[in-house]
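**Q** If it helps, the file is called upload_35.pdb and holds PDB, C-alpha atoms and all ligand atoms:
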ATOM      1  CA  MET K1375       9.406   1.125   6.216
ATOM      2  CA  ARG K1376       7.668   4.180   7.619
ATOM      3  CA  ARG K1377       4.498   3.449   9.525
ATOM      4  CA  ALA K1378       1.627   5.761   8.842
ATOM      5  CA  THR K1379      -1.919   5.966  10.067
ATOM      6  CA  SER K1380      -4.891   7.197   8.144
ATOM      7  CA  SER K1381      -8.637   7.464   8.425
ATOM      8  CA  CYS K1382      -8.796   4.449   6.138
ATOM      9  CA  SER K1383      -6.698   2.402   8.548
ATOM     10  CA  HIS K1384      -7.856  -1.195   8.624
ATOM     11  CA  GLY K1385      -5.471  -2.810  11.085
ATOM     12  CA  ALA K1386      -3.884  -4.956   8.401
ATOM     13  CA  GLU K1387      -0.724  -5.457  10.399
ATOM     14  CA  VAL K1388      -1.469  -8.471  12.526
ATOM     15  CA  GLU K1389       0.907  -9.133  15.393
ATOM     16  CA  ALA K1390       2.964 -12.288  15.135
ATOM     17  CA  GLY K1391       1.975 -13.293  18.648
ATOM     18  CA  ALA K1392      -1.697 -13.020  17.841
ATOM     19  CA  LEU K1393      -1.180 -15.136  14.738
ATOM     20  CA  ALA K1394       0.658 -17.792  16.708
ATOM     21  CA  GLN K1395      -2.159 -17.839  19.265
ATOM     22  CA  ARG K1396      -4.754 -18.171  16.532
ATOM     23  CA  ALA K1397      -2.788 -20.980  14.883
ATOM     24  CA  ALA K1398      -2.496 -22.773  18.229
ATOM     25  CA  ALA K1399      -6.207 -22.293  18.868
ATOM     26  CA  THR K1400      -6.990 -23.627  15.396
ATOM     27  CA  GLY K1401      -4.842 -26.675  16.047
ATOM     28  CA  SER K1402      -6.512 -27.422  19.360
ATOM     29  CA  ILE K1403     -10.012 -27.060  17.909
ATOM     30  CA  LEU K1404      -9.211 -29.381  15.011
ATOM     31  CA  GLY K1405      -7.483 -31.758  17.376
ATOM     32  CA  GLY K1406     -10.589 -31.890  19.557
ATOM     33  CA  ILE K1407     -12.795 -32.587  16.569
ATOM     34  CA  CYS K1408     -10.451 -35.407  15.527
ATOM     35  CA  VAL K1409     -10.761 -36.984  18.994
ATOM     36  CA  VAL K1410     -14.548 -36.908  18.663
ATOM     37  CA  MET K1411     -14.224 -38.365  15.180
ATOM     38  CA  GLY K1412     -12.180 -41.222  16.545
ATOM     39  CA  ARG K1413     -15.248 -42.280  18.545
ATOM     40  CA  CYS K1414     -17.454 -42.112  15.460
ATOM     41  CA  GLY K1415     -18.031 -44.723  12.849
ATOM     42  CA  ALA K1416     -16.006 -45.110   9.659
ATOM     43  CA  LYS K1417     -18.890 -43.828   7.552
ATOM     44  CA  LEU K1418     -19.001 -40.536   9.442
ATOM     45  CA  ARG K1419     -15.214 -40.128   9.169
ATOM     46  CA  GLU K1420     -15.464 -40.685   5.435
ATOM     47  CA  TYR K1421     -17.583 -37.543   5.118
ATOM     48  CA  ILE K1422     -16.122 -35.377   7.847
ATOM     49  CA  GLY K1423     -12.444 -36.094   7.099
ATOM     50  CA  PRO K1424     -12.295 -34.262   3.770
ATOM     51  CA  MET K1425     -14.331 -31.402   5.220
ATOM     52  CA  LEU K1426     -11.833 -30.991   8.048
ATOM     53  CA  GLY K1427      -8.965 -31.096   5.563
ATOM     54  CA  ASN K1428     -10.524 -28.227   3.614
ATOM     55  CA  LEU K1429     -11.229 -26.299   6.814
ATOM     56  CA  SER K1430      -7.662 -26.817   7.986
ATOM     57  CA  ARG K1431      -6.239 -25.566   4.672
ATOM     58  CA  LEU K1432      -8.563 -22.543   4.760
ATOM     59  CA  LEU K1433      -7.613 -21.672   8.330
ATOM     60  CA  GLY K1434      -3.956 -22.199   7.456
ATOM     61  CA  ARG K1435      -4.299 -19.601   4.721
ATOM     62  CA  LEU K1436      -6.089 -17.180   6.988
ATOM     63  CA  THR K1437      -3.614 -17.595   9.817
ATOM     64  CA  PRO K1438      -0.150 -17.592   8.198
ATOM     65  CA  SER K1439       2.559 -18.223  10.749
ATOM     66  CA  VAL K1440       5.671 -18.160   8.602
ATOM     67  CA  CYS K1441       7.056 -15.478   6.314
ATOM     68  CA  ALA K1442       6.153 -16.516   2.766
ATOM     69  CA  VAL K1443       9.477 -15.124   1.490
ATOM     70  CA  CYS K1444      12.187 -16.264   3.931
ATOM     71  CA  GLY K1445      10.346 -18.819   6.059
ATOM     72  CA  ALA K1446      10.969 -16.980   9.354
ATOM     73  CA  TRP K1447       8.671 -18.126  12.146
ATOM     74  CA  PRO K1448       6.578 -16.865  13.858
ATOM     75  CA  SER K1449       5.793 -14.072  11.464
ATOM     76  CA  THR K1450       3.142 -12.161   9.653
ATOM     77  CA  SER K1451       2.660 -13.277   6.033
ATOM     78  CA  VAL K1452       5.763 -11.252   5.051
ATOM     79  CA  CYS K1453       8.209 -10.558   7.887
ATOM     80  CA  GLU K1454       9.576  -7.129   8.760
ATOM     81  CA  HIS K1455      13.037  -8.108   7.502
ATOM     82  CA  CYS K1456      11.670  -9.011   4.043
ATOM     83  CA  ILE K1457       9.535  -5.856   3.942
ATOM     84  CA  GLN K1458      12.672  -3.821   4.622
ATOM     85  CA  ALA K1459      14.550  -5.754   1.943
ATOM     86  CA  PHE K1460      11.926  -5.799  -0.811
ATOM     87  CA  ALA K1461       9.436  -2.968  -0.190
ATOM     88  CA  GLN K1462      11.593   0.082   0.377
ATOM     89  CA  PRO K1463       9.825   3.332  -0.584
ATOM     90  CA  ALA K1464      11.086   4.692  -3.898
ATOM     91  CA  HIS K1465      10.847   7.984  -5.762
ATOM     92  CA  ARG K1466       8.452   7.324  -8.636
ATOM     93  CA  CYS K1467       7.177   9.231 -11.646
ATOM     94  CA  PRO K1468       3.783  10.766 -10.777
ATOM     95  CA  GLY K1469       2.628   9.937 -14.300
ATOM     96  CA  CYS K1470       3.468   6.260 -14.668
ATOM     97  CA  ALA K1471       4.682   5.238 -11.171
ATOM     98  CA  LEU K1472       7.996   3.931 -12.527
ATOM     99  CA  LYS K1473      11.060   4.488 -10.355
ATOM    100  CA  LEU K1474      12.933   7.708 -11.042
ATOM    101  CA  PRO K1475      16.267   9.184  -9.961
ATOM    102  CA  ASN K1476      15.615  11.602  -7.095
ATOM    103  CA  ALA K1477      16.537  14.647  -9.157
ATOM    104  CA  MET K1478      13.839  14.019 -11.765
ATOM    105  CA  ILE K1479      10.247  15.224 -11.367
ATOM    106  CA  SER K1480       8.808  13.166 -14.195
ATOM    107  CA  CYS K1481       9.991  10.626 -16.743
ATOM    108  CA  ARG K1482      10.448  11.765 -20.310
ATOM    109  CA  ALA K1483       7.574   9.652 -21.652
ATOM    110  CA  CYS K1484       5.077  11.218 -19.230
ATOM    111  CA  ALA K1485       6.436  14.727 -19.848
ATOM    112  CA  GLU K1486       5.891  14.286 -23.583
ATOM    113  CA  ASN K1487       2.620  12.396 -23.386
ATOM    114  CA  PRO K1488       0.899  12.859 -20.004
ATOM    115  CA  PRO K1489      -1.372  10.000 -18.906
ATOM    116  CA  PRO K1490      -5.097  10.742 -18.433
ATOM    117  CA  TRP K1491      -5.076  10.438 -14.620
ATOM    118  CA  ASP K1492      -3.818  13.196 -12.333
ATOM    119  CA  ARG K1493      -1.187  11.022 -10.682
ATOM    120  CA  ALA K1494      -0.156   7.402 -10.347
ATOM    121  CA  LEU K1495       1.079   5.665  -7.194
ATOM    122  CA  ALA K1496       2.690   2.251  -6.809
ATOM    123  CA  VAL K1497       4.065   0.580  -3.713
ATOM    124  CA  VAL K1498       6.498  -2.034  -5.043
ATOM    125  CA  ASP K1499       8.034  -3.169  -8.310
ATOM    126  CA  TYR K1500       6.453  -6.179  -9.953
ATOM    127  CA  ALA K1501       9.493  -8.325  -9.234
ATOM    128  CA  TYR K1502      10.651 -10.936  -6.726
ATOM    129  CA  PRO K1503       9.035 -11.704  -4.326
ATOM    130  CA  TRP K1504       5.911  -9.723  -5.097
ATOM    131  CA  ASP K1505       5.331 -11.247  -8.555
ATOM    132  CA  THR K1506       5.158 -14.698  -6.973
ATOM    133  CA  LEU K1507       2.936 -13.556  -4.105
ATOM    134  CA  ILE K1508       0.574 -11.675  -6.438
ATOM    135  CA  ALA K1509       0.238 -14.829  -8.554
ATOM    136  CA  GLU K1510      -0.587 -16.702  -5.336
ATOM    137  CA  PHE K1511      -3.191 -14.031  -4.584
ATOM    138  CA  LYS K1512      -4.803 -13.999  -8.026
ATOM    139  CA  PHE K1513      -4.372 -17.373  -9.612
ATOM    140  CA  HIS K1514      -4.253 -19.795  -6.687
ATOM    141  CA  GLU K1515      -7.326 -18.471  -4.903
ATOM    142  CA  ASN K1516      -5.376 -17.221  -1.913
ATOM    143  CA  ALA K1517      -7.515 -14.190  -1.206
ATOM    144  CA  ALA K1518      -5.960 -13.719   2.262
ATOM    145  CA  TRP K1519      -3.068 -11.887   0.574
ATOM    146  CA  ALA K1520      -5.331  -8.849   0.134
ATOM    147  CA  HIS K1521      -4.849  -8.225   3.847
ATOM    148  CA  ALA K1522      -1.046  -8.245   3.653
ATOM    149  CA  PHE K1523      -0.839  -6.171   0.468
ATOM    150  CA  ALA K1524      -3.284  -3.594   1.840
ATOM    151  CA  GLY K1525      -1.122  -3.280   4.950
ATOM    152  CA  LEU K1526       1.926  -2.479   2.818
ATOM    153  CA  MET K1527      -0.077  -0.021   0.725
ATOM    154  CA  HIS K1528      -1.310   1.829   3.793
ATOM    155  CA  ASN K1529       2.215   2.302   5.050
ATOM    156  CA  ALA K1530       3.622   3.490   1.719
ATOM    157  CA  PRO K1531       4.425   7.198   1.387
ATOM    158  CA  LEU K1532       1.664   9.196  -0.345
ATOM    159  CA  VAL K1533      -0.825   6.315  -0.384
ATOM    160  CA  GLY K1534      -2.394   6.885   3.045
ATOM    161  CA  PRO K1535      -2.867  10.625   2.383
ATOM    162  CA  ALA K1536      -4.279   9.868  -1.089
ATOM    163  CA  LEU K1537      -6.866   7.551   0.457
ATOM    164  CA  ASP K1538      -7.688  10.057   3.187
ATOM    165  CA  ASP K1539      -8.152  12.761   0.578
ATOM    166  CA  ALA K1540     -10.326  10.655  -1.729
ATOM    167  CA  ASP K1541     -14.099  10.839  -1.791
ATOM    168  CA  VAL K1542     -14.437   7.383  -3.323
ATOM    169  CA  VAL K1543     -12.263   4.343  -4.048
ATOM    170  CA  LEU K1544     -13.116   2.382  -7.179
ATOM    171  CA  PRO K1545     -11.676  -1.096  -7.763
ATOM    172  CA  MET K1546     -10.969  -1.955 -11.386
ATOM    173  CA  PRO K1547     -13.799  -4.241 -12.505
ATOM    174  CA  LEU K1548     -13.109  -7.688 -13.929
ATOM    175  CA  ALA K1549     -14.907  -8.995 -16.982
ATOM    176  CA  PRO K1550     -17.902 -11.098 -15.794
ATOM    177  CA  GLU K1551     -16.442 -14.266 -17.361
ATOM    178  CA  ARG K1552     -13.155 -13.782 -15.542
ATOM    179  CA  LEU K1553     -14.944 -13.008 -12.282
ATOM    180  CA  ARG K1554     -16.921 -16.262 -12.600
ATOM    181  CA  HIS K1555     -13.738 -18.201 -13.328
ATOM    182  CA  ARG K1556     -11.635 -16.665 -10.553
ATOM    183  CA  GLY K1557     -14.397 -16.336  -8.001
ATOM    184  CA  PHE K1558     -13.283 -12.936  -6.760
ATOM    185  CA  ASN K1559     -12.028  -9.579  -7.999
ATOM    186  CA  GLN K1560      -8.585  -9.005  -6.498
ATOM    187  CA  SER K1561      -8.958  -5.217  -6.737
ATOM    188  CA  THR K1562     -12.259  -5.326  -4.856
ATOM    189  CA  LEU K1563     -10.646  -7.356  -2.072
ATOM    190  CA  LEU K1564      -7.814  -4.828  -1.860
ATOM    191  CA  ALA K1565     -10.264  -1.903  -1.774
ATOM    192  CA  ARG K1566     -12.282  -3.533   1.008
ATOM    193  CA  GLN K1567      -9.125  -3.913   3.060
ATOM    194  CA  LEU K1568      -7.826  -0.427   2.276
ATOM    195  CA  CYS K1569     -10.858   1.774   2.643
ATOM    196  CA  PRO K1570     -14.157  -0.102   2.990
ATOM    197  CA  HIS K1571     -16.301   2.914   3.801
ATOM    198  CA  LYS K1572     -15.221   4.783   0.643
ATOM    199  CA  THR K1573     -15.296   1.832  -1.757
ATOM    200  CA  LEU K1574     -17.956   1.817  -4.486
ATOM    201  CA  HIS K1575     -18.149  -1.700  -5.862
ATOM    202  CA  HIS K1576     -20.353  -1.333  -8.903
ATOM    203  CA  ALA K1577     -20.030   2.280 -10.010
ATOM    204  CA  LEU K1578     -17.374   1.492 -12.609
ATOM    205  CA  LEU K1579     -18.463  -1.210 -15.035
ATOM    206  CA  ARG K1580     -16.869  -3.290 -17.748
ATOM    207  CA  VAL K1581     -19.287  -2.926 -20.626
ATOM    208  CA  ILE K1582     -17.335  -4.747 -23.357
ATOM    209  CA  HIS K1583     -15.764  -8.181 -23.141
ATOM    210  CA  THR K1584     -12.110  -7.905 -24.182
ATOM    211  CA  ALA K1585      -9.265 -10.345 -24.645
ATOM    212  CA  PRO K1586      -7.045 -10.606 -21.535
ATOM    213  CA  GLN K1587      -4.413  -7.863 -21.707
ATOM    214  CA  SER K1588      -1.744 -10.391 -20.727
ATOM    215  CA  SER K1589      -2.417 -12.263 -23.983
ATOM    216  CA  LEU K1590      -1.618  -9.231 -26.148
ATOM    217  CA  PRO K1591       1.569  -7.404 -27.133
ATOM    218  CA  ARG K1592       1.928  -3.974 -25.556
ATOM    219  CA  LYS K1593       1.100  -2.109 -28.781
ATOM    220  CA  ASP K1594      -2.358  -3.740 -28.979
ATOM    221  CA  ARG K1595      -3.385  -3.255 -25.366
ATOM    222  CA  GLN K1596      -4.702   0.302 -25.683
ATOM    223  CA  SER K1597      -7.043  -0.472 -28.564
ATOM    224  CA  ASN K1598      -8.153  -3.714 -26.863
ATOM    225  CA  VAL K1599      -9.702  -1.867 -23.902
ATOM    226  CA  GLN K1600     -10.854   1.283 -25.705
ATOM    227  CA  GLY K1601     -14.438   1.945 -24.563
ATOM    228  CA  ALA K1602     -14.431  -1.136 -22.313
ATOM    229  CA  PHE K1603     -15.471   0.823 -19.195
ATOM    230  CA  ALA K1604     -18.401   3.047 -18.229
ATOM    231  CA  VAL K1605     -19.807   4.582 -15.074
ATOM    232  CA  ASP K1606     -23.202   3.241 -14.031
ATOM    233  CA  PRO K1607     -25.609   6.110 -14.861
ATOM    234  CA  PHE K1608     -27.336   5.623 -11.486
ATOM    235  CA  GLN K1609     -24.018   6.154  -9.683
ATOM    236  CA  ARG K1610     -22.899   9.129 -11.726
ATOM    237  CA  GLU K1611     -23.583  11.701  -9.024
ATOM    238  CA  ARG K1612     -21.261   9.802  -6.688
ATOM    239  CA  ILE K1613     -18.420  10.340  -9.204
ATOM    240  CA  ALA K1614     -19.113  13.793 -10.671
ATOM    241  CA  GLY K1615     -16.967  16.465  -9.040
ATOM    242  CA  LYS K1616     -15.339  13.903  -6.701
ATOM    243  CA  LYS K1617     -11.763  12.911  -5.908
ATOM    244  CA  VAL K1618     -11.408   9.320  -7.036
ATOM    245  CA  VAL K1619      -8.821   6.649  -6.284
ATOM    246  CA  LEU K1620      -8.863   4.042  -9.044
ATOM    247  CA  LEU K1621      -7.380   0.850  -7.623
ATOM    248  CA  ASP K1622      -5.751  -2.145  -9.287
ATOM    249  CA  ASP K1623      -3.287  -4.784  -8.156
ATOM    250  CA  VAL K1624      -0.717  -4.340 -10.947
ATOM    251  CA  MET K1625      -0.014  -1.727 -13.623
ATOM    252  CA  THR K1626       1.713  -3.045 -16.737
ATOM    253  CA  SER K1627       1.053  -0.920 -19.825
ATOM    254  CA  GLY K1628      -1.532   1.139 -17.926
ATOM    255  CA  ALA K1629      -3.958   0.766 -20.853
ATOM    256  CA  SER K1630      -6.848  -0.614 -18.758
ATOM    257  CA  LEU K1631      -6.390   2.051 -16.103
ATOM    258  CA  ALA K1632      -6.280   4.710 -18.821
ATOM    259  CA  ALA K1633      -9.508   3.466 -20.418
ATOM    260  CA  ALA K1634     -11.205   3.384 -16.996
ATOM    261  CA  THR K1635      -9.884   6.878 -16.242
ATOM    262  CA  GLN K1636     -11.424   8.163 -19.467
ATOM    263  CA  ALA K1637     -14.790   6.727 -18.406
ATOM    264  CA  LEU K1638     -14.456   8.477 -15.041
ATOM    265  CA  ARG K1639     -13.578  11.750 -16.787
ATOM    266  CA  ARG K1640     -16.698  11.436 -18.936
ATOM    267  CA  ALA K1641     -18.672  11.015 -15.702
ATOM    268  CA  GLY K1642     -17.165  14.241 -14.358
ATOM    269  CA  ALA K1643     -14.579  12.997 -11.835
ATOM    270  CA  ALA K1644     -12.638  16.002 -10.560
ATOM    271  CA  HIS K1645      -9.345  14.280  -9.633
ATOM    272  CA  ILE K1646      -8.179  10.745 -10.348
ATOM    273  CA  THR K1647      -5.346   8.865  -8.645
ATOM    274  CA  ALA K1648      -4.384   5.556 -10.256
ATOM    275  CA  LEU K1649      -3.190   3.422  -7.342
ATOM    276  CA  VAL K1650      -1.610  -0.011  -7.756
ATOM    277  CA  PHE K1651       0.219  -2.364  -5.451
ATOM    278  CA  ALA K1652       2.899  -3.305  -7.991
ATOM    279  CA  ARG K1653       4.353  -1.704 -11.115
ATOM    280  CA  THR K1654       6.058  -3.663 -13.866
ATOM    281  CA  ALA K1655       9.254  -2.257 -15.346
ATOM    282  CA  ARG K1656       8.964  -0.290 -18.575
ATOM    283  CA  GLY K1657       8.756  -2.672 -21.508
ATOM    284  CA  ASP K1658       7.566  -5.650 -19.482
ATOM    285  CA  THR K1659       4.397  -7.216 -20.835
ATOM    286  CA  GLN K1660       3.732  -9.481 -17.870
ATOM    287  CA  PRO K1661       1.488 -10.171 -16.088
TER     288      PRO K1661
HETATM  289 ZN    ZN K1701      10.838 -12.896   5.701
HETATM  290 ZN    ZN K1702       6.351   8.504 -16.134
END
Kindly transcribe the structure held in the file into structure tokens.
**A**
Amino acid sequence: MRRATSSCSHGAEVEAGALAQRAAATGSILGGICVVMGRCGAKLREYIGPMLGNLSRLLGRLTPSVCAVCGAWPSTSVCEHCIQAFAQPAHRCPGCALKLPNAMISCRACAENPPPWDRALAVVDYAYPWDTLIAEFKFHENAAWAHAFAGLMHNAPLVGPALDDADVVLPMPLAPERLRHRGFNQSTLLARQLCPHKTLHHALLRVIHTAPQSSLPRKDRQSNVQGAFAVDPFQRERIAGKKVVLLDDVMTSGASLAAATQALRRAGAAHITALVFARTARGDTQP
């Protein structure tokens, strides 16, 4: 994959050697603590043991040493071979970010019914192995994946320039109930990794609680999120007349992104790019 640099560069590509060193350092620190523990009483070990287990698991997540796809070691979280195999740049429709034959400028659906944003960008298809890794990111509390996904996004054609050109980056907000349940907003973590100095965390708000889009058939998704988003009136001047990148992890029907885009239009955004890490195939209703 082409390597690009941008003003939003975050250094997401961590060298395998550095990771191995960090893992070794982690092991020696924990080993040293265990030696000290061996000299302590059983009561102390009863309390400290589980804490060390949690710390070890956390550090293991933060310092991946094997490729999560093929198991190659030492590696970044996804090795270069798997990136080449599963994240090749593709020609995509600027309206819906679905793959297109090279000769086509736009898909028929977008030509007939243009989406509300100015363009859409996606980095990979929502398919193996990314569907599994995104689930790991979102549903198994493995927030460290934001770092790896942001690295791939930065290196994708058109994405780096879009971020450089943007005035602000807005992560798609989660409903408060879902945020409490999950503990983090995956789009916010991605935005922080991609472009921290342009990210506005609370300018775009979810103002209506809606049923999860994944629980609904495609035909009901648009009406489900109609009016669900609004721009914070106190942040309006940071949106009006600005170039905005609206960021989400996955685009399925695009209904949530469309509803958020309409809120940004009402606030006067001058140009809106809908940017996602992964795009489901047309007709898919997952995730
Ligand atoms: Zn691999
Ligand atoms: Zn299209």
**Q** Do a neighbour search on Cys1467 of chain K at 10 Å with only C-alpha atoms, toss out local chain neighbours closer than 2 positions, and write the hits as a PyMOL selection string.
**A** chain K and resi 1464-1465+1469-1476+1478-1482+1484-1485+1493-1496
**Q** At a cut-off of 10 Å and counting only C-alpha atoms and all ligand atoms, what residues surround ligand ZN 1701 (chain K)? Please answer as a list of chain:residue names.
**A** K:Val1440, K:Cys1441, K:Ala1442, K:Val1443, K:Cys1444, K:Gly1445, K:Ala1446, K:Trp1447, K:Ser1449, K:Thr1450, K:Ser1451, K:Val1452, K:Cys1453, K:Glu1454, K:His1455, K:Cys1456, K:Ile1457, K:Gln1458, K:Ala1459, K:Phe1460
**Q** Measuring atom to atom with only C-alpha atoms and all ligand atoms, identify which of K:Leu1649, K:Met1625, K:Ala1483, K:Val1581 is nearest to ligand ZN 1702 (chain K).
**A**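 The shortest atom-to-atom distance to ligand ZN 1702 (chain K) comes from K:Ala1483.
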**Q** Let me know the residues the PyMOL selection byres (((chain K and resi 1555-1565) around 10) and not hetatm) catches in the file above, as JSON, numbers by chain.
**A** {"K": [1508, 1511, 1512, 1513, 1514, 1515, 1516, 1517, 1518, 1519, 1520, 1521, 1522, 1523, 1524, 1525, 1527, 1543, 1544, 1545, 1546, 1547, 1548, 1549, 1550, 1551, 1552, 1553, 1554, 1566, 1567, 1568, 1569, 1570, 1571, 1572, 1573, 1574, 1575, 1576, 1619, 1620, 1621, 1622, 1623, 1624, 1650, 1651]}
**Q** Please indicate the distance in Å from atom CA of Ala1644 of chain K to atom CA of His1528 of chain K, rounded to one decimal place.
**A**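 Atom CA of His1528 of chain K lies at a distance of 23.1 Å from atom CA of Ala1644 of chain K.
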**Q** What does the distance between atom CA of Pro1531 of chain K and atom CA of Arg1466 of chain K come to in Å, to one decimal place?
**A** 10.8 Å
**Q** Using all atoms listed in the file, pick whichever of K:Leu1579, K:Ala1461, K:Leu1537, K:Ala1477 has the shortest atom-to-atom distance to Val1498 of chain K.
**A**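 Going through K:Leu1579, K:Ala1461, K:Leu1537, K:Ala1477 one by one, the smallest distance to Val1498 of chain K is for K:Ala1461.
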**Q** Mind pulling up the distance from atom CA of Pro1591 of chain K to atom CA of Asn1487 of chain K?
**A** 20.2 Å
**Q** What's the 9 Å shell around segment 1632-1642 of chain K, counting only C-alpha atoms, without same-chain residues fewer than 2 positions away, as number ranges by chain?
**A** K: 1489-1491, 1546, 1578-1580, 1596, 1599-1605, 1607, 1610-1611, 1613-1616, 1618, 1620, 1628-1630, 1644-1646, 1648
**Q** Smallest atom-to-atom distance to ligand ZN 1702 (chain K): which of K:Pro1468, K:Ala1530, K:Gln1462, K:Tyr1500, using only C-alpha atoms and all ligand atoms?
**A** K:Pro1468
**Q** Using only C-alpha atoms and all ligand atoms for the distances, tell me which of K:Val1542, K:Ala1655, K:Cys1382, K:Ile1582 is nearest to ligand ZN 1702 (chain K).
**A**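 The shortest atom-to-atom distance to ligand ZN 1702 (chain K) comes from K:Ala1655.
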**Q** From the options K:Asp1505, K:Pro1463, K:Leu1532, K:Arg1656, which residue's atoms come nearest to ligand ZN 1702 (chain K), counting all atoms listed in the file?
**A**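 Nearest candidate to ligand ZN 1702 (chain K) out of K:Asp1505, K:Pro1463, K:Leu1532, K:Arg1656: K:Arg1656.
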**Q** With only C-alpha atoms and all ligand atoms as the basis for distance, which of K:Ser1627, K:Ala1540, K:Asp1606, K:Ser1439 is at the shortest distance from ligand ZN 1702 (chain K)?
**A**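 Nearest to ligand ZN 1702 (chain K): K:Ser1627.
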